[in-house]
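Engineer: Just so it is clear, I am handing over model.pdb, which has PDB, C-alpha atoms.
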MODEL        1
ATOM      1  CA  MET A   1      42.712  -5.335  -2.747
ATOM      2  CA  VAL A   2      42.711  -7.605   0.240
ATOM      3  CA  ARG A   3      40.326 -10.489   0.393
ATOM      4  CA  ALA A   4      40.187 -12.514   3.592
ATOM      5  CA  ARG A   5      37.945 -15.511   3.985
ATOM      6  CA  ASP A   6      39.532 -16.321   7.317
ATOM      7  CA  LEU A   7      37.640 -14.194   9.845
ATOM      8  CA  PHE A   8      40.624 -14.193  12.216
ATOM      9  CA  THR A   9      42.686 -12.533   9.483
ATOM     10  CA  ALA A  10      39.892 -10.039   8.907
ATOM     11  CA  VAL A  11      39.792  -9.118  12.608
ATOM     12  CA  MET A  12      43.545  -8.676  12.742
ATOM     13  CA  LEU A  13      43.522  -6.525   9.593
ATOM     14  CA  PHE A  14      40.794  -4.413  11.127
ATOM     15  CA  ALA A  15      42.861  -3.949  14.290
ATOM     16  CA  ILE A  16      45.941  -2.934  12.308
ATOM     17  CA  TYR A  17      43.894  -0.519  10.222
ATOM     18  CA  SER A  18      42.472   0.978  13.405
ATOM     19  CA  LEU A  19      45.898   1.388  14.965
ATOM     20  CA  LEU A  20      47.178   3.081  11.816
ATOM     21  CA  SER A  21      44.183   5.442  11.912
ATOM     22  CA  ALA A  22      45.033   6.226  15.526
ATOM     23  CA  ALA A  23      48.596   7.048  14.501
ATOM     24  CA  LEU A  24      47.254   9.258  11.711
ATOM     25  CA  PHE A  25      45.012  11.131  14.155
ATOM     26  CA  ALA A  26      47.963  11.549  16.505
ATOM     27  CA  VAL A  27      50.031  13.004  13.652
ATOM     28  CA  LEU A  28      47.164  15.407  12.906
ATOM     29  CA  ASP A  29      47.279  16.583  16.566
ATOM     30  CA  ALA A  30      43.820  15.168  17.297
ATOM     31  CA  GLY A  31      44.770  13.637  20.640
ATOM     32  CA  ASP A  32      41.265  12.833  21.835
ATOM     33  CA  VAL A  33      40.304  11.075  18.619
ATOM     34  CA  ALA A  34      43.617   9.206  18.500
ATOM     35  CA  LEU A  35      43.128   7.992  22.061
ATOM     36  CA  THR A  36      39.573   6.901  21.295
ATOM     37  CA  GLU A  37      40.565   5.104  18.117
ATOM     38  CA  ALA A  38      43.429   3.313  19.846
ATOM     39  CA  ALA A  39      41.398   2.325  22.907
ATOM     40  CA  VAL A  40      38.047   1.542  21.294
ATOM     41  CA  GLY A  41      38.855   0.667  17.683
ATOM     42  CA  ALA A  42      42.155  -1.132  18.028
ATOM     43  CA  GLY A  43      41.729  -2.383  21.601
ATOM     44  CA  ILE A  44      38.267  -3.296  22.811
ATOM     45  CA  SER A  45      36.655  -3.893  19.408
ATOM     46  CA  THR A  46      39.357  -6.399  18.581
ATOM     47  CA  ILE A  47      38.989  -8.173  21.907
ATOM     48  CA  LEU A  48      35.214  -8.351  21.538
ATOM     49  CA  MET A  49      35.424  -9.574  17.946
ATOM     50  CA  LEU A  50      37.923 -12.248  18.995
ATOM     51  CA  ALA A  51      35.585 -13.262  21.817
ATOM     52  CA  LEU A  52      32.807 -13.451  19.246
ATOM     53  CA  LEU A  53      35.006 -15.508  16.880
ATOM     54  CA  ALA A  54      35.216 -18.116  19.617
ATOM     55  CA  LEU A  55      31.442 -18.513  19.234
ATOM     56  CA  VAL A  56      31.147 -18.688  15.453
ATOM     57  CA  PRO A  57      32.973 -20.740  12.799
ATOM     58  CA  ARG A  58      36.299 -19.275  11.831
ATOM     59  CA  HIS A  59      35.766 -19.308   8.080
ATOM     60  CA  GLU A  60      33.190 -17.450   6.096
ATOM     61  CA  ALA A  61      30.648 -19.697   4.388
ATOM     62  CA  GLU A  62      31.316 -20.234   0.698
ATOM     63  CA  ALA A  63      28.690 -18.378  -1.323
ATOM     64  CA  PRO A  64      27.096 -20.669  -3.938
ATOM     65  CA  ARG A  65      27.239 -18.053  -6.712
ATOM     66  CA  PRO A  66      27.921 -14.329  -6.937
ATOM     67  CA  ASN A  67      24.946 -12.171  -6.045
ATOM     68  CA  TRP A  68      24.968  -9.780  -9.007
ATOM     69  CA  PRO A  69      22.074  -7.467  -7.925
ATOM     70  CA  ALA A  70      23.808  -6.924  -4.558
ATOM     71  CA  MET A  71      27.086  -6.295  -6.354
ATOM     72  CA  ALA A  72      25.410  -3.722  -8.605
ATOM     73  CA  VAL A  73      23.906  -1.904  -5.595
ATOM     74  CA  VAL A  74      27.268  -1.803  -3.821
ATOM     75  CA  VAL A  75      29.152  -0.550  -6.883
ATOM     76  CA  LEU A  76      26.494   2.073  -7.609
ATOM     77  CA  THR A  77      26.487   3.327  -4.006
ATOM     78  CA  GLY A  78      30.273   3.481  -3.999
ATOM     79  CA  ALA A  79      30.310   5.408  -7.273
ATOM     80  CA  VAL A  80      27.761   7.910  -5.939
ATOM     81  CA  LEU A  81      29.781   8.419  -2.756
ATOM     82  CA  ILE A  82      32.996   8.950  -4.693
ATOM     83  CA  TYR A  83      31.158  11.411  -6.963
ATOM     84  CA  ALA A  84      29.951  13.253  -3.840
ATOM     85  CA  THR A  85      33.522  13.675  -2.583
ATOM     86  CA  LEU A  86      34.188  15.938  -5.596
ATOM     87  CA  ASP A  87      32.000  18.552  -3.880
ATOM     88  CA  PHE A  88      34.045  18.449  -0.671
ATOM     89  CA  PRO A  89      35.548  21.726   0.424
ATOM     90  CA  GLU A  90      39.277  21.967  -0.079
ATOM     91  CA  PHE A  91      41.192  20.160   2.658
ATOM     92  CA  GLY A  92      42.539  22.548   5.283
ATOM     93  CA  ASN A  93      41.072  25.689   3.743
ATOM     94  CA  PRO A  94      40.368  28.254   6.517
ATOM     95  CA  ASP A  95      37.196  29.393   4.705
ATOM     96  CA  ASN A  96      35.582  25.946   4.953
ATOM     97  CA  PRO A  97      32.162  25.908   6.612
ATOM     98  CA  ILE A  98      33.508  23.861   9.522
ATOM     99  CA  GLN A  99      35.969  26.654  10.368
ATOM    100  CA  THR A 100      33.478  29.493  10.111
ATOM    101  CA  HIS A 101      30.306  28.242  11.825
ATOM    102  CA  VAL A 102      30.510  27.540  15.586
ATOM    103  CA  ALA A 103      34.152  26.476  15.733
ATOM    104  CA  PRO A 104      35.550  30.006  16.220
ATOM    105  CA  TYR A 105      33.279  30.496  19.223
ATOM    106  CA  TYR A 106      34.500  27.259  20.804
ATOM    107  CA  VAL A 107      38.120  28.119  20.123
ATOM    108  CA  GLN A 108      37.875  31.634  21.514
ATOM    109  CA  GLU A 109      35.401  31.268  24.363
ATOM    110  CA  THR A 110      35.928  27.809  25.872
ATOM    111  CA  TYR A 111      38.518  29.026  28.319
ATOM    112  CA  ASN A 112      36.412  32.032  29.380
ATOM    113  CA  ASP A 113      33.285  29.905  29.748
ATOM    114  CA  MET A 114      34.774  26.952  31.589
ATOM    115  CA  GLY A 115      38.380  27.581  32.507
ATOM    116  CA  ILE A 116      39.558  24.335  30.930
ATOM    117  CA  PRO A 117      42.002  24.038  28.027
ATOM    118  CA  ASN A 118      40.617  20.898  26.335
ATOM    119  CA  MET A 119      38.034  22.161  23.862
ATOM    120  CA  VAL A 120      37.058  18.644  22.839
ATOM    121  CA  ALA A 121      35.997  17.817  26.382
ATOM    122  CA  ALA A 122      34.168  21.136  26.600
ATOM    123  CA  VAL A 123      32.246  20.520  23.381
ATOM    124  CA  LEU A 124      31.467  16.898  24.211
ATOM    125  CA  ALA A 125      30.414  17.306  27.800
ATOM    126  CA  SER A 126      29.058  20.833  27.958
ATOM    127  CA  TYR A 127      28.248  22.596  24.668
ATOM    128  CA  ARG A 128      26.928  19.404  23.092
ATOM    129  CA  SER A 129      26.147  17.458  26.226
ATOM    130  CA  ILE A 130      22.751  16.206  25.038
ATOM    131  CA  ASP A 131      24.520  14.436  22.145
ATOM    132  CA  THR A 132      26.844  12.765  24.605
ATOM    133  CA  MET A 133      23.898  11.728  26.749
ATOM    134  CA  GLY A 134      22.456  10.094  23.643
ATOM    135  CA  GLU A 135      25.723   8.245  23.141
ATOM    136  CA  GLY A 136      25.553   7.038  26.725
ATOM    137  CA  PHE A 137      22.102   5.671  26.029
ATOM    138  CA  VAL A 138      23.395   4.036  22.842
ATOM    139  CA  ILE A 139      26.016   2.183  24.892
ATOM    140  CA  LEU A 140      23.400   1.207  27.459
ATOM    141  CA  THR A 141      21.066  -0.009  24.718
ATOM    142  CA  ALA A 142      23.880  -2.066  23.208
ATOM    143  CA  GLY A 143      24.480  -3.646  26.611
ATOM    144  CA  LEU A 144      20.784  -4.429  26.998
ATOM    145  CA  ALA A 145      20.620  -5.875  23.476
ATOM    146  CA  VAL A 146      23.555  -8.208  24.073
ATOM    147  CA  TYR A 147      22.021  -9.199  27.388
ATOM    148  CA  ALA A 148      18.730  -9.935  25.654
ATOM    149  CA  LEU A 149      20.535 -12.132  23.100
ATOM    150  CA  LEU A 150      23.054 -13.938  25.300
ATOM    151  CA  GLY A 151      22.089 -13.231  28.894
ATOM    152  CA  THR A 152      19.708 -16.092  29.472
ATOM    153  CA  ARG A 153      21.467 -18.781  31.470
ATOM    154  CA  ARG A 154      20.364 -22.253  30.665
ATOM    155  CA  ARG A 155      19.402 -24.316  33.692
ATOM    156  CA  ARG A 156      21.895 -27.069  34.390
ATOM    157  CA  THR A 157      21.619 -30.128  36.543
ATOM    158  CA  PRO A 158      24.794 -31.936  37.624
ATOM    159  CA  ASN A 159      24.301 -35.153  35.672
ATOM    160  CA  LYS A 160      22.137 -34.006  32.789
ATOM    161  CA  PRO A 161      23.591 -31.622  30.209
ATOM    162  CA  ALA A 162      21.639 -28.471  29.541
ATOM    163  CA  GLU A 163      19.083 -28.652  26.775
ATOM    164  CA  ALA A 164      20.132 -26.691  23.755
ATOM    165  CA  GLU A 165      17.347 -24.362  22.836
ATOM    166  CA  GLU A 166      18.730 -22.535  19.863
TER     167      GLU A 166
ATOM    168  CA  MET B   1      46.776 -19.118  30.976
ATOM    169  CA  ARG B   2      47.198 -18.854  34.737
ATOM    170  CA  ASP B   3      50.103 -21.331  34.723
ATOM    171  CA  ASN B   4      52.292 -19.157  32.536
ATOM    172  CA  GLY B   5      54.684 -17.395  34.898
ATOM    173  CA  ILE B   6      55.693 -14.645  32.503
ATOM    174  CA  LEU B   7      52.105 -13.711  31.753
ATOM    175  CA  ARG B   8      51.226 -13.678  35.440
ATOM    176  CA  VAL B   9      54.139 -11.454  36.395
ATOM    177  CA  VAL B  10      53.695  -9.054  33.498
ATOM    178  CA  ALA B  11      49.940  -8.846  34.051
ATOM    179  CA  ARG B  12      50.368  -8.292  37.774
ATOM    180  CA  PHE B  13      52.653  -5.402  36.910
ATOM    181  CA  LEU B  14      50.533  -4.006  34.058
ATOM    182  CA  ILE B  15      46.971  -4.248  35.376
ATOM    183  CA  PRO B  16      47.389  -1.605  38.121
ATOM    184  CA  LEU B  17      49.146   0.678  35.662
ATOM    185  CA  ILE B  18      46.354   0.323  33.099
ATOM    186  CA  MET B  19      43.715   1.025  35.749
ATOM    187  CA  LEU B  20      45.667   4.036  36.976
ATOM    188  CA  PHE B  21      45.958   5.305  33.418
ATOM    189  CA  ALA B  22      42.204   4.844  33.007
ATOM    190  CA  LEU B  23      41.559   6.950  36.095
ATOM    191  CA  TYR B  24      44.019   9.538  34.807
ATOM    192  CA  ILE B  25      42.292   9.955  31.450
ATOM    193  CA  GLN B  26      38.945   9.928  33.250
ATOM    194  CA  PHE B  27      39.659  12.720  35.713
ATOM    195  CA  HIS B  28      42.307  14.636  33.770
ATOM    196  CA  GLY B  29      40.174  14.677  30.619
ATOM    197  CA  GLU B  30      39.477  18.415  30.779
ATOM    198  CA  TYR B  31      43.185  19.228  30.619
ATOM    199  CA  SER B  32      44.622  16.520  28.385
ATOM    200  CA  PRO B  33      43.162  14.156  25.805
ATOM    201  CA  GLY B  34      40.714  11.802  27.385
ATOM    202  CA  GLY B  35      37.242  11.462  28.744
ATOM    203  CA  GLY B  36      34.656   9.011  29.884
ATOM    204  CA  PHE B  37      34.519   6.814  26.793
ATOM    205  CA  GLN B  38      38.240   6.185  26.584
ATOM    206  CA  ALA B  39      38.638   5.802  30.336
ATOM    207  CA  GLY B  40      35.790   3.315  30.579
ATOM    208  CA  VAL B  41      37.174   1.225  27.751
ATOM    209  CA  VAL B  42      40.712   1.236  29.164
ATOM    210  CA  PHE B  43      39.445   0.277  32.613
ATOM    211  CA  ALA B  44      37.429  -2.563  31.109
ATOM    212  CA  ALA B  45      40.510  -3.659  29.156
ATOM    213  CA  ALA B  46      42.439  -4.026  32.421
ATOM    214  CA  TRP B  47      39.636  -6.136  33.870
ATOM    215  CA  ILE B  48      39.479  -8.268  30.708
ATOM    216  CA  LEU B  49      43.247  -8.814  30.900
ATOM    217  CA  PHE B  50      42.759  -9.993  34.477
ATOM    218  CA  ALA B  51      39.975 -12.311  33.330
ATOM    219  CA  LEU B  52      42.170 -13.727  30.551
ATOM    220  CA  ILE B  53      45.010 -14.510  32.942
ATOM    221  CA  TYR B  54      43.223 -15.567  36.133
ATOM    222  CA  GLY B  55      39.924 -16.793  34.708
ATOM    223  CA  LEU B  56      36.482 -15.242  34.427
ATOM    224  CA  ASP B  57      35.316 -16.527  37.803
ATOM    225  CA  ALA B  58      38.133 -14.738  39.619
ATOM    226  CA  ALA B  59      37.356 -11.560  37.682
ATOM    227  CA  LEU B  60      33.650 -11.846  38.496
ATOM    228  CA  ASP B  61      34.559 -12.158  42.179
ATOM    229  CA  ILE B  62      35.971  -8.635  41.961
ATOM    230  CA  ILE B  63      33.207  -7.064  39.887
ATOM    231  CA  PRO B  64      30.135  -9.329  40.012
ATOM    232  CA  GLU B  65      27.783  -9.495  37.074
ATOM    233  CA  ARG B  66      24.950  -8.086  39.138
ATOM    234  CA  ALA B  67      27.080  -5.024  39.880
ATOM    235  CA  MET B  68      27.581  -4.511  36.141
ATOM    236  CA  TYR B  69      23.840  -4.440  35.487
ATOM    237  CA  VAL B  70      23.348  -1.929  38.281
ATOM    238  CA  LEU B  71      26.342   0.241  37.392
ATOM    239  CA  MET B  72      25.581   0.545  33.687
ATOM    240  CA  LEU B  73      22.246   2.079  34.675
ATOM    241  CA  VAL B  74      23.844   4.156  37.437
ATOM    242  CA  GLY B  75      26.226   5.735  34.910
ATOM    243  CA  VAL B  76      23.436   6.922  32.638
ATOM    244  CA  LEU B  77      21.377   8.007  35.653
ATOM    245  CA  ILE B  78      24.281  10.133  36.939
ATOM    246  CA  TYR B  79      24.291  11.883  33.583
ATOM    247  CA  CYS B  80      20.546  12.449  33.649
ATOM    248  CA  ALA B  81      20.652  13.539  37.283
ATOM    249  CA  VAL B  82      23.121  16.309  36.459
ATOM    250  CA  GLY B  83      20.807  17.411  33.666
ATOM    251  CA  VAL B  84      17.733  17.416  35.889
ATOM    252  CA  ALA B  85      19.656  19.179  38.663
ATOM    253  CA  GLY B  86      20.239  22.049  36.253
ATOM    254  CA  VAL B  87      16.491  22.280  35.648
ATOM    255  CA  VAL B  88      15.633  22.094  39.364
ATOM    256  CA  LEU B  89      18.117  24.853  40.202
ATOM    257  CA  GLY B  90      16.598  27.153  37.628
ATOM    258  CA  GLY B  91      18.360  26.557  34.320
ATOM    259  CA  HIS B  92      17.887  24.456  31.224
ATOM    260  CA  PHE B  93      18.332  20.697  30.969
ATOM    261  CA  LEU B  94      22.068  19.881  31.184
ATOM    262  CA  ASP B  95      22.840  23.521  31.951
ATOM    263  CA  TYR B  96      25.664  23.320  34.478
ATOM    264  CA  ARG B  97      25.869  26.976  35.443
ATOM    265  CA  PRO B  98      23.168  26.902  38.164
ATOM    266  CA  LEU B  99      24.945  24.042  39.964
ATOM    267  CA  LEU B 100      27.608  26.180  41.663
ATOM    268  CA  ASP B 101      28.110  29.896  42.264
ATOM    269  CA  ASP B 102      31.181  30.333  40.072
ATOM    270  CA  PRO B 103      30.149  29.620  36.461
ATOM    271  CA  GLN B 104      33.555  28.206  35.494
ATOM    272  CA  TYR B 105      33.670  25.842  38.465
ATOM    273  CA  ALA B 106      30.079  24.877  37.783
ATOM    274  CA  GLN B 107      30.949  23.964  34.193
ATOM    275  CA  GLN B 108      33.961  21.940  35.334
ATOM    276  CA  PHE B 109      31.890  20.182  37.986
ATOM    277  CA  GLY B 110      29.242  19.330  35.408
ATOM    278  CA  ILE B 111      31.770  18.081  32.860
ATOM    279  CA  VAL B 112      33.622  15.884  35.365
ATOM    280  CA  THR B 113      30.378  14.420  36.696
ATOM    281  CA  VAL B 114      28.811  13.556  33.362
ATOM    282  CA  GLU B 115      32.110  12.110  32.126
ATOM    283  CA  LEU B 116      32.179   9.943  35.229
ATOM    284  CA  GLY B 117      28.703   8.689  34.386
ATOM    285  CA  ILE B 118      29.746   7.912  30.802
ATOM    286  CA  GLY B 119      32.901   6.182  32.049
ATOM    287  CA  ILE B 120      30.960   3.942  34.438
ATOM    288  CA  THR B 121      28.447   2.944  31.768
ATOM    289  CA  VAL B 122      31.056   2.267  29.074
ATOM    290  CA  ALA B 123      33.300   0.258  31.405
ATOM    291  CA  THR B 124      30.516  -1.944  32.757
ATOM    292  CA  VAL B 125      28.857  -2.520  29.378
ATOM    293  CA  THR B 126      32.205  -3.575  27.894
ATOM    294  CA  MET B 127      32.853  -5.961  30.786
ATOM    295  CA  LEU B 128      29.334  -7.308  30.395
ATOM    296  CA  PHE B 129      29.896  -7.995  26.680
ATOM    297  CA  PHE B 130      33.009  -9.972  27.495
ATOM    298  CA  THR B 131      31.331 -11.867  30.334
ATOM    299  CA  LEU B 132      28.334 -12.846  28.221
ATOM    300  CA  PHE B 133      30.457 -13.937  25.234
ATOM    301  CA  VAL B 134      32.722 -16.078  27.410
ATOM    302  CA  ARG B 135      29.799 -17.604  29.260
ATOM    303  CA  ARG B 136      28.021 -18.478  26.035
ATOM    304  CA  LYS B 137      31.210 -20.168  24.849
ATOM    305  CA  ALA B 138      31.332 -22.201  28.064
ATOM    306  CA  ASP B 139      27.659 -23.128  27.629
ATOM    307  CA  MET B 140      28.262 -24.262  24.060
ATOM    308  CA  GLU B 141      31.209 -26.414  25.080
ATOM    309  CA  GLU B 142      29.140 -27.992  27.818
ATOM    310  CA  VAL B 143      26.346 -28.819  25.414
ATOM    311  CA  GLY B 144      28.923 -30.018  22.924
ATOM    312  CA  GLY B 145      29.520 -28.990  19.380
ATOM    313  CA  ASN B 146      30.273 -25.614  17.940
ATOM    314  CA  ASP B 147      27.210 -25.210  15.761
TER     315      ASP B 147
ENDMDL
END
Taking this structure as input, can you express it in the form of structure tokens?

Structural biologist:
Amino acid sequence: MVRARDLFTAVMLFAIYSLLSAALFAVLDAGDVALTEAAVGAGISTILMLALLALVPRHEAEAPRPNWPAMAVVVLTGAVLIYATLDFPEFGNPDNPIQTHVAPYYVQETYNDMGIPNMVAAVLASYRSIDTMGEGFVILTAGLAVYALLGTRRRRTPNKPAEAEE
Amino acid sequence: MRDNGILRVVARFLIPLIMLFALYIQFHGEYSPGGGFQAGVVFAAAWILFALIYGLDAALDIIPERAMYVLMLVGVLIYCAVGVAGVVLGGHFLDYRPLLDDPQYAQQFGIVTVELGIGITVATVTMLFFTLFVRRKADMEEVGGND
């Protein structure tokens, strides 16, 4: 168990975890996912969280006393999720639903349909392109939300400091 | 950090390479791992590295904030435009086959175009995040106090 009250430590641990996940994906031959995890999870997320850490205090506030109802909810949810993993299909079994539903079509027909070898790109941008459009809108919405929170520039005059409005 | 000679030299060497790599995974994404999301993020990372070394103002001279607002909408609109073009030319929404005569080329054209749209949006939104965070930090320091 790792417990970090220093948020800088937490960010660095998150980045290391992300990089290890990327290495794991690379070992599993999932090049697209590995590249995404390395670029987004380990790279940009870390930079953005560090930029955010410059805005907030570095240490987590000390909680006055443990919040037992919240603890109970978290433990219960975790127990239910772990119980649910017992129903997972066997790892790597060729008869798993994920191997028998649409995946065989993608594997066999992508090259005939599109003439490109990267099935991940084909699924993302063509077979499931409406999903990807939704993701594009998610990114755009995130940009708009951050702009709505931080984008207002406070008026400054040369000799008078800006009024703090928060 | 602009006074540190090692950082300047290494960054001057690395930034073009990172941007080139971003373009590679953007436009080679159908053949090798990659795509719009990764390419946009990597491109933004190169710009952020430039901003860290040479300062945000120098970076904003290259890609102004106003351009980011426009481009993040342009990226999504490119995506939607490809979808609507499929409808106008007699197919379904985001059906690429009506776009060109050869169905395989049409699919490739559609994939490359929508990935470009995604890449533009992701890159500009990421740059915008960084710009807004840094500017808020500067505002807070000007007002004084960190809380």

Engineer: Define the interface residues of chain A facing chain B as those within 7 Å, counting only C-alpha atoms, and report them as a ChimeraX atom specification.

Structural biologist: /A:31-32,35-36,39-40,44,48,51-52,54-55,113-118,121,125-126,129,133,136-137,139-140,143,146,150-151,161-162,164

Engineer: Pull out every residue that the PyMOL selection byres ((chain A and resi 97-106) around 12) matches in the shown coordinates and put them as JSON, numbers by chain.

Structural biologist: {"A": [88, 89, 90, 91, 92, 93, 94, 95, 96, 107, 108, 109, 110, 111, 112, 113, 114, 116, 117, 118, 119, 120, 121, 122, 123, 124, 126, 127, 128]}

Engineer: Determine the residue membership of the PyMOL selection byres ((chain A and resi 2-12) around 12) for the file above and supply it as a CSV table (one decimal) with C-alpha atoms, in the coordinates of the input.

Structural biologist:
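The result, written out as expr_28.csv:
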chain,number,residue,atom,x,y,z
A,1,MET,CA,42.7,-5.3,-2.7
A,13,LEU,CA,43.5,-6.5,9.6
A,14,PHE,CA,40.8,-4.4,11.1
A,15,ALA,CA,42.9,-3.9,14.3
A,16,ILE,CA,45.9,-2.9,12.3
A,17,TYR,CA,43.9,-0.5,10.2
A,18,SER,CA,42.5,1.0,13.4
A,19,LEU,CA,45.9,1.4,15.0
A,41,GLY,CA,38.9,0.7,17.7
A,42,ALA,CA,42.2,-1.1,18.0
A,43,GLY,CA,41.7,-2.4,21.6
A,44,ILE,CA,38.3,-3.3,22.8
A,45,SER,CA,36.7,-3.9,19.4
A,46,THR,CA,39.4,-6.4,18.6
A,47,ILE,CA,39.0,-8.2,21.9
A,48,LEU,CA,35.2,-8.4,21.5
A,49,MET,CA,35.4,-9.6,17.9
A,50,LEU,CA,37.9,-12.2,19.0
A,51,ALA,CA,35.6,-13.3,21.8
A,52,LEU,CA,32.8,-13.5,19.2
A,53,LEU,CA,35.0,-15.5,16.9
A,54,ALA,CA,35.2,-18.1,19.6
A,56,VAL,CA,31.1,-18.7,15.5
A,57,PRO,CA,33.0,-20.7,12.8
A,58,ARG,CA,36.3,-19.3,11.8
A,59,HIS,CA,35.8,-19.3,8.1
A,60,GLU,CA,33.2,-17.4,6.1
A,61,ALA,CA,30.6,-19.7,4.4
A,62,GLU,CA,31.3,-20.2,0.7
A,63,ALA,CA,28.7,-18.4,-1.3

Engineer: To one decimal place in Å, what is the distance between atom CA of Leu86 of chain A and atom CA of Val73 of chain A?

Structural biologist: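 Taking atom CA of Leu86 of chain A and atom CA of Val73 of chain A, their separation equals 20.6 Å.
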
Engineer: Find the distance between atom CA of Ile18 of chain B and atom CA of Leu52 of chain B and write it in Å to one decimal.

Structural biologist: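 We find that atom CA of Ile18 of chain B and atom CA of Leu52 of chain B lie 14.9 Å from each other.
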
Engineer: When you count only C-alpha atoms, which of these residues is closest to Asp101 of chain B: B:Ile78, B:Ile62, B:Leu71, B:Leu89?

Structural biologist: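 Nearest candidate to Asp101 of chain B out of B:Ile78, B:Ile62, B:Leu71, B:Leu89: B:Leu89.
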
Engineer: For a test of reading the model, state the distance in Å between atom CA of Leu99 of chain B and atom CA of Gly86 of chain B, rounded to one decimal.

Structural biologist: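 According to the coordinates, atom CA of Leu99 of chain B and atom CA of Gly86 of chain B are separated by 6.3 Å.
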